[in-house]
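Next comes start_20.pdb, a file with PDB, C-alpha atoms.
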```pdb
ATOM      1  CA  MET E 250      78.486 155.197 -12.684
ATOM      2  CA  SER E 251      80.658 152.769 -10.766
ATOM      3  CA  ASP E 252      83.644 151.370 -12.627
ATOM      4  CA  LEU E 253      87.015 149.764 -12.099
ATOM      5  CA  GLU E 254      88.650 153.093 -11.329
ATOM      6  CA  SER E 255      86.359 154.007  -8.430
ATOM      7  CA  ALA E 256      88.597 152.680  -5.667
ATOM      8  CA  LEU E 257      91.715 154.450  -6.916
ATOM      9  CA  GLN E 258      93.047 157.704  -5.565
ATOM     10  CA  ASP E 259      94.948 160.402  -7.435
ATOM     11  CA  GLY E 260      98.164 159.341  -5.677
ATOM     12  CA  ASP E 261      97.896 155.704  -6.764
ATOM     13  CA  GLN E 262     100.248 154.296  -9.378
ATOM     14  CA  PRO E 263      99.673 156.017 -12.735
ATOM     15  CA  GLU E 264     100.346 152.689 -14.508
ATOM     16  CA  LEU E 265      97.517 151.016 -12.596
ATOM     17  CA  ARG E 266      95.197 153.958 -13.140
ATOM     18  CA  THR E 267      95.998 153.967 -16.880
ATOM     19  CA  TRP E 268      95.366 150.242 -17.212
ATOM     20  CA  LEU E 269      92.052 150.475 -15.374
ATOM     21  CA  ARG E 270      90.967 153.497 -17.435
ATOM     22  CA  LEU E 271      91.727 151.586 -20.658
ATOM     23  CA  LEU E 272      89.871 148.553 -19.373
ATOM     24  CA  THR E 273      86.865 150.662 -18.366
ATOM     25  CA  CYS E 274      86.686 152.389 -21.763
ATOM     26  CA  SER E 275      87.069 149.111 -23.630
ATOM     27  CA  THR E 276      84.397 147.437 -21.521
ATOM     28  CA  LEU E 277      81.937 150.313 -21.969
ATOM     29  CA  ILE E 278      82.379 150.324 -25.745
ATOM     30  CA  GLU E 279      82.111 146.535 -25.961
ATOM     31  CA  GLN E 280      78.930 146.455 -23.857
ATOM     32  CA  GLN E 281      77.280 149.037 -26.091
ATOM     33  CA  VAL E 282      78.317 147.329 -29.321
ATOM     34  CA  ARG E 283      77.122 143.932 -28.039
ATOM     35  CA  SER E 284      73.777 145.418 -27.049
ATOM     36  CA  HIS E 285      73.313 147.256 -30.352
ATOM     37  CA  LEU E 286      74.250 144.187 -32.433
ATOM     38  CA  ARG E 287      71.793 142.019 -30.533
ATOM     39  CA  ARG E 288      68.925 144.539 -30.811
ATOM     40  CA  ARG E 289      69.479 145.753 -34.356
ATOM     41  CA  PHE E 290      70.759 142.646 -36.138
ATOM     42  CA  ASN E 291      69.992 139.783 -33.718
ATOM     43  CA  THR E 292      73.660 138.804 -33.768
ATOM     44  CA  THR E 293      76.621 138.672 -31.423
ATOM     45  CA  LEU E 294      79.931 140.485 -31.308
ATOM     46  CA  PRO E 295      81.952 137.299 -31.988
ATOM     47  CA  ARG E 296      79.850 136.650 -35.112
ATOM     48  CA  PHE E 297      80.326 140.240 -36.292
ATOM     49  CA  ASP E 298      84.073 140.042 -35.612
ATOM     50  CA  MET E 299      84.334 136.784 -37.560
ATOM     51  CA  LEU E 300      82.505 138.259 -40.555
ATOM     52  CA  ALA E 301      84.720 141.366 -40.345
ATOM     53  CA  GLN E 302      87.885 139.270 -40.472
ATOM     54  CA  LEU E 303      86.606 137.318 -43.445
ATOM     55  CA  ASP E 304      85.613 140.548 -45.179
ATOM     56  CA  ARG E 305      89.196 141.808 -44.867
ATOM     57  CA  GLY E 306      90.914 138.665 -46.023
ATOM     58  CA  GLN E 307      89.054 136.123 -48.069
ATOM     59  CA  ASN E 308      90.006 132.458 -47.771
ATOM     60  CA  LEU E 309      91.478 132.411 -44.299
ATOM     61  CA  THR E 310      92.419 129.235 -42.478
ATOM     62  CA  MET E 311      90.853 128.402 -39.151
ATOM     63  CA  SER E 312      94.239 129.030 -37.495
ATOM     64  CA  GLU E 313      94.545 132.450 -39.133
ATOM     65  CA  LEU E 314      91.082 133.346 -37.873
ATOM     66  CA  SER E 315      91.956 132.122 -34.399
ATOM     67  CA  ASN E 316      95.114 134.253 -34.360
ATOM     68  CA  ARG E 317      93.386 137.352 -35.730
ATOM     69  CA  LEU E 318      90.515 137.087 -33.255
ATOM     70  CA  MET E 319      92.838 136.099 -30.387
ATOM     71  CA  VAL E 320      90.653 133.140 -29.399
ATOM     72  CA  SER E 321      91.189 129.389 -29.276
ATOM     73  CA  ASN E 322      90.798 127.170 -32.322
ATOM     74  CA  GLY E 323      87.870 125.507 -30.543
ATOM     75  CA  ASN E 324      86.005 128.817 -30.291
ATOM     76  CA  VAL E 325      86.562 129.459 -33.986
ATOM     77  CA  THR E 326      85.480 125.959 -34.990
ATOM     78  CA  GLY E 327      82.162 126.162 -33.148
ATOM     79  CA  LEU E 328      81.344 129.595 -34.511
ATOM     80  CA  ILE E 329      82.311 128.647 -38.069
ATOM     81  CA  GLU E 330      80.108 125.540 -37.901
ATOM     82  CA  ARG E 331      77.100 127.683 -36.939
ATOM     83  CA  LEU E 332      77.861 130.249 -39.654
ATOM     84  CA  VAL E 333      78.188 127.475 -42.270
ATOM     85  CA  LYS E 334      74.770 126.070 -41.252
ATOM     86  CA  GLU E 335      73.272 129.547 -41.710
ATOM     87  CA  GLY E 336      74.876 129.916 -45.122
ATOM     88  CA  LEU E 337      76.986 132.943 -44.118
ATOM     89  CA  VAL E 338      80.380 131.297 -44.645
ATOM     90  CA  SER E 339      81.721 128.314 -46.543
ATOM     91  CA  ARG E 340      84.547 125.931 -45.733
ATOM     92  CA  SER E 341      86.771 123.955 -48.050
ATOM     93  CA  PRO E 342      90.019 122.013 -47.707
ATOM     94  CA  ALA E 343      93.166 124.093 -48.170
ATOM     95  CA  PRO E 344      94.768 123.307 -51.528
ATOM     96  CA  ASP E 345      98.264 122.909 -50.052
ATOM     97  CA  ASP E 346      97.242 121.108 -46.838
ATOM     98  CA  ARG E 347      94.087 118.989 -46.859
ATOM     99  CA  ARG E 348      94.107 118.964 -43.030
ATOM    100  CA  SER E 349      93.479 122.735 -42.988
ATOM    101  CA  GLN E 350      90.141 124.306 -43.733
ATOM    102  CA  MET E 351      89.806 127.517 -45.735
ATOM    103  CA  VAL E 352      86.916 129.757 -44.731
ATOM    104  CA  ARG E 353      85.308 132.535 -46.752
ATOM    105  CA  LEU E 354      82.175 134.629 -46.748
ATOM    106  CA  THR E 355      79.345 133.487 -48.953
ATOM    107  CA  SER E 356      77.413 136.092 -50.907
ATOM    108  CA  LYS E 357      74.726 135.886 -48.205
ATOM    109  CA  GLY E 358      77.386 136.468 -45.527
ATOM    110  CA  GLN E 359      78.829 139.396 -47.483
ATOM    111  CA  ARG E 360      75.386 141.003 -47.786
ATOM    112  CA  ALA E 361      74.748 140.528 -44.053
ATOM    113  CA  PHE E 362      78.098 142.053 -43.138
ATOM    114  CA  ASP E 363      77.697 144.912 -45.623
ATOM    115  CA  ALA E 364      74.366 145.768 -43.967
ATOM    116  CA  MET E 365      75.906 145.779 -40.472
ATOM    117  CA  LEU E 366      79.176 147.585 -41.150
ATOM    118  CA  PRO E 367      77.983 151.173 -41.738
ATOM    119  CA  VAL E 368      75.594 150.966 -38.783
ATOM    120  CA  HIS E 369      78.356 149.555 -36.553
ATOM    121  CA  ASN E 370      80.740 152.281 -37.698
ATOM    122  CA  GLY E 371      78.101 154.890 -36.828
ATOM    123  CA  TRP E 372      77.829 153.506 -33.287
ATOM    124  CA  ILE E 373      81.594 153.734 -32.849
ATOM    125  CA  GLU E 374      81.647 157.284 -34.217
ATOM    126  CA  ASP E 375      78.886 158.281 -31.792
ATOM    127  CA  MET E 376      80.672 156.735 -28.808
ATOM    128  CA  ILE E 377      84.051 158.251 -29.594
ATOM    129  CA  GLY E 378      82.629 161.473 -31.019
ATOM    130  CA  GLY E 379      83.416 163.379 -27.825
ATOM    131  CA  LEU E 380      87.035 163.582 -28.992
ATOM    132  CA  SER E 381      88.186 166.014 -31.634
ATOM    133  CA  GLY E 382      90.087 164.794 -34.673
ATOM    134  CA  ALA E 383      93.341 166.040 -33.156
ATOM    135  CA  GLU E 384      92.583 164.306 -29.862
ATOM    136  CA  MET E 385      91.840 161.021 -31.630
ATOM    137  CA  LYS E 386      95.093 161.305 -33.568
ATOM    138  CA  GLN E 387      97.002 161.959 -30.326
ATOM    139  CA  LEU E 388      95.255 159.069 -28.550
ATOM    140  CA  LEU E 389      96.023 156.713 -31.447
ATOM    141  CA  ALA E 390      99.696 157.689 -31.315
ATOM    142  CA  LEU E 391      99.835 157.115 -27.555
ATOM    143  CA  LEU E 392      98.049 153.775 -27.831
ATOM    144  CA  ALA E 393     100.462 152.692 -30.590
ATOM    145  CA  LYS E 394     103.358 153.575 -28.306
ATOM    146  CA  LEU E 395     101.764 151.598 -25.471
ATOM    147  CA  LYS E 396     101.144 148.614 -27.749
ATOM    148  CA  ASN E 397     104.786 148.604 -28.850
ATOM    149  CA  SER E 398     105.889 148.809 -25.225
ATOM    150  CA  LEU E 399     103.714 145.804 -24.365
ATOM    151  CA  ILE E 400     105.064 143.813 -27.319
ATOM    152  CA  ASP E 401     108.640 144.677 -26.359
ATOM    153  CA  ALA E 402     108.066 143.708 -22.724
ATOM    154  CA  LYS E 403     106.540 140.379 -23.785
ATOM    155  CA  GLN E 404     109.419 139.604 -26.167
ATOM    156  CA  THR E 405     112.102 140.433 -23.609
ATOM    157  CA  GLY E 406     110.352 138.392 -20.940
ATOM    158  CA  ASP E 407     109.490 141.344 -18.726
ATOM    159  CA  LEU E 408     105.849 140.221 -18.749
ATOM    160  CA  THR E 409     105.370 136.867 -17.130
TER     161      THR E 409
END
```
Since I need it in another form, could you write the structure as structure tokens?
Amino acid sequence: MSDLESALQDGDQPELRTWLRLLTCSTLIEQQVRSHLRRRFNTTLPRFDMLAQLDRGQNLTMSELSNRLMVSNGNVTGLIERLVKEGLVSRSPAPDDRRSQMVRLTSKGQRAFDAMLPVHNGWIEDMIGGLSGAEMKQLLALLAKLKNSLIDAKQTGDLT
């Protein structure tokens, strides 16, 4: 299989090789999840992600959803409008700021998400199942260290 790492040699920068390996793994997982969601539940990854965020924290503002999903407010607004029309989520004015909208899962949305979640989790387990428990723990620790390094670099202005 051809991927982003194909053109790199062993002597190339380890930072570049690491970044491309992470990007390749992320892309492969995302492609599989998107495909499975479409085939099994006739839904999209952004819709699943939105329902997952609402499942974790009921009554979120549109801005909170935008921040959690790392997408623009416009993307969130369009998706929420479609989910409201389908009866999966509801919107209401925020009690402390009538300009803000609070979003929550409806019972129909909760049932839909509850049906998808265990199947989704099974797909992830299957894809990552080639790693032992100890390897996953080690990888998680390394990724946490990388994430902190990225946050630190952004805060100190090293990333432009």
Considering only C-alpha atoms, state which residue in the set E:Val320, E:Ile373, E:Val338, E:Ala402 is at the smallest distance from E:Lys357.
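With only C-alpha atoms as the atom set, the closest residue is E:Val338.
Nearest residue to E:Glu313 among E:Lys394, E:Arg353, E:Arg266, E:Lys386 is E:Arg353, counting all atoms listed in the file.
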To test your reading of the syntax: which residues would the PyMOL selection byres ((chain E and resi 322-324) around 12) return for the file shown? Reply as number ranges by chain.
E: 295-296, 299, 310-321, 325-331, 349-350
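Reported to one decimal place, the separation of atom CA of E:Ile377 from atom CA of E:Ile400 is 25.6 Å.
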The PyMOL selection byres ((chain E and resi 336) around 12) resolved against shown file, as a short mmCIF file (atom, residue, chain, number, x, y, z; two decimals) with C-alpha atoms, keeping the file's coordinate frame:
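The resulting result_10.cif:
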```cif
data_model
loop_
_atom_site.label_atom_id
_atom_site.label_comp_id
_atom_site.auth_asym_id
_atom_site.auth_seq_id
_atom_site.Cartn_x
_atom_site.Cartn_y
_atom_site.Cartn_z
CA ILE E 329 82.31 128.65 -38.07
CA GLU E 330 80.11 125.54 -37.90
CA ARG E 331 77.10 127.68 -36.94
CA LEU E 332 77.86 130.25 -39.65
CA VAL E 333 78.19 127.48 -42.27
CA LYS E 334 74.77 126.07 -41.25
CA GLU E 335 73.27 129.55 -41.71
CA LEU E 337 76.99 132.94 -44.12
CA VAL E 338 80.38 131.30 -44.64
CA SER E 339 81.72 128.31 -46.54
CA ARG E 340 84.55 125.93 -45.73
CA ARG E 353 85.31 132.54 -46.75
CA LEU E 354 82.18 134.63 -46.75
CA THR E 355 79.34 133.49 -48.95
CA SER E 356 77.41 136.09 -50.91
CA LYS E 357 74.73 135.89 -48.20
CA GLY E 358 77.39 136.47 -45.53
CA GLN E 359 78.83 139.40 -47.48
CA ARG E 360 75.39 141.00 -47.79
CA ALA E 361 74.75 140.53 -44.05
#
```
Closest of E:Ala393, E:Met351, E:Leu303, E:Ile278 to E:Glu374, counting only C-alpha atoms, is E:Ile278
Assuming 5 Å of padding per side, give the centre and edge lengths of the axis-aligned box around every listed atom of stretch 385-388 of chain E, in Å to one decimal and as AutoDock Vina command-line options.
```
--center_x 94.4 --center_y 160.5 --center_z -31.1 --size_x 15.2 --size_y 12.9 --size_z 15.0
```
Would you please work out which residue, of E:His369, E:Lys403, E:Arg347, E:Arg270, is nearest to E:Leu286 when using only C-alpha atoms?
E:His369
Go through E:Leu399, E:Gly379, E:Phe362, E:Gln404 and flag the residue nearest E:Gln302, using all atoms listed in the file for the distances.
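Selected residue with least distance to E:Gln302: E:Phe362.
Taking atom CA of E:Leu294 and atom CA of E:Leu271 as endpoints, the distance between them is 19.4 Å.
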In Å, how far is it from atom CA of E:Leu392 to atom CA of E:Thr276?
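For atom CA of E:Leu392 relative to atom CA of E:Thr276, the distance reads 16.3 Å.
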Let me know the residues the PyMOL selection byres ((chain E and resi 283-285) around 12) catches in the file above, as a ChimeraX atom specification.
/E:276-282,286-298,365,368-373
Your completed stretch 395-408 of chain E with N, CA and C atoms, as a compact mmCIF listing (two decimals), in the coordinates of the input:
```txt
# COMPACT_ATOMS: atom_id res chain seq x y z
N LEU E 395 102.04 152.56 -26.53
CA LEU E 395 101.76 151.60 -25.47
C LEU E 395 101.79 150.17 -26.01
N LYS E 396 101.17 149.95 -27.15
CA LYS E 396 101.14 148.61 -27.75
C LYS E 396 102.56 148.12 -28.02
N ASN E 397 103.40 148.98 -28.58
CA ASN E 397 104.79 148.60 -28.85
C ASN E 397 105.54 148.30 -27.56
N SER E 398 105.27 149.06 -26.52
CA SER E 398 105.89 148.81 -25.22
C SER E 398 105.48 147.45 -24.68
N LEU E 399 104.21 147.10 -24.83
CA LEU E 399 103.71 145.80 -24.36
C LEU E 399 104.34 144.66 -25.16
N ILE E 400 104.45 144.84 -26.47
CA ILE E 400 105.06 143.81 -27.32
C ILE E 400 106.53 143.64 -26.94
N ASP E 401 107.23 144.75 -26.75
CA ASP E 401 108.64 144.68 -26.36
C ASP E 401 108.82 143.98 -25.01
N ALA E 402 107.97 144.32 -24.05
CA ALA E 402 108.07 143.71 -22.72
C ALA E 402 107.81 142.20 -22.79
N LYS E 403 106.85 141.80 -23.63
CA LYS E 403 106.54 140.38 -23.78
C LYS E 403 107.71 139.65 -24.42
N GLN E 404 108.33 140.26 -25.44
CA GLN E 404 109.42 139.60 -26.17
C GLN E 404 110.68 139.50 -25.32
N THR E 405 110.89 140.47 -24.44
CA THR E 405 112.10 140.43 -23.61
C THR E 405 111.88 139.65 -22.31
N GLY E 406 110.64 139.18 -22.12
CA GLY E 406 110.35 138.39 -20.94
C GLY E 406 110.01 139.20 -19.71
N ASP E 407 109.83 140.52 -19.87
CA ASP E 407 109.49 141.34 -18.73
C ASP E 407 108.07 141.10 -18.26
N LEU E 408 107.23 140.58 -19.14
CA LEU E 408 105.85 140.22 -18.75
C LEU E 408 105.83 138.71 -18.55
```
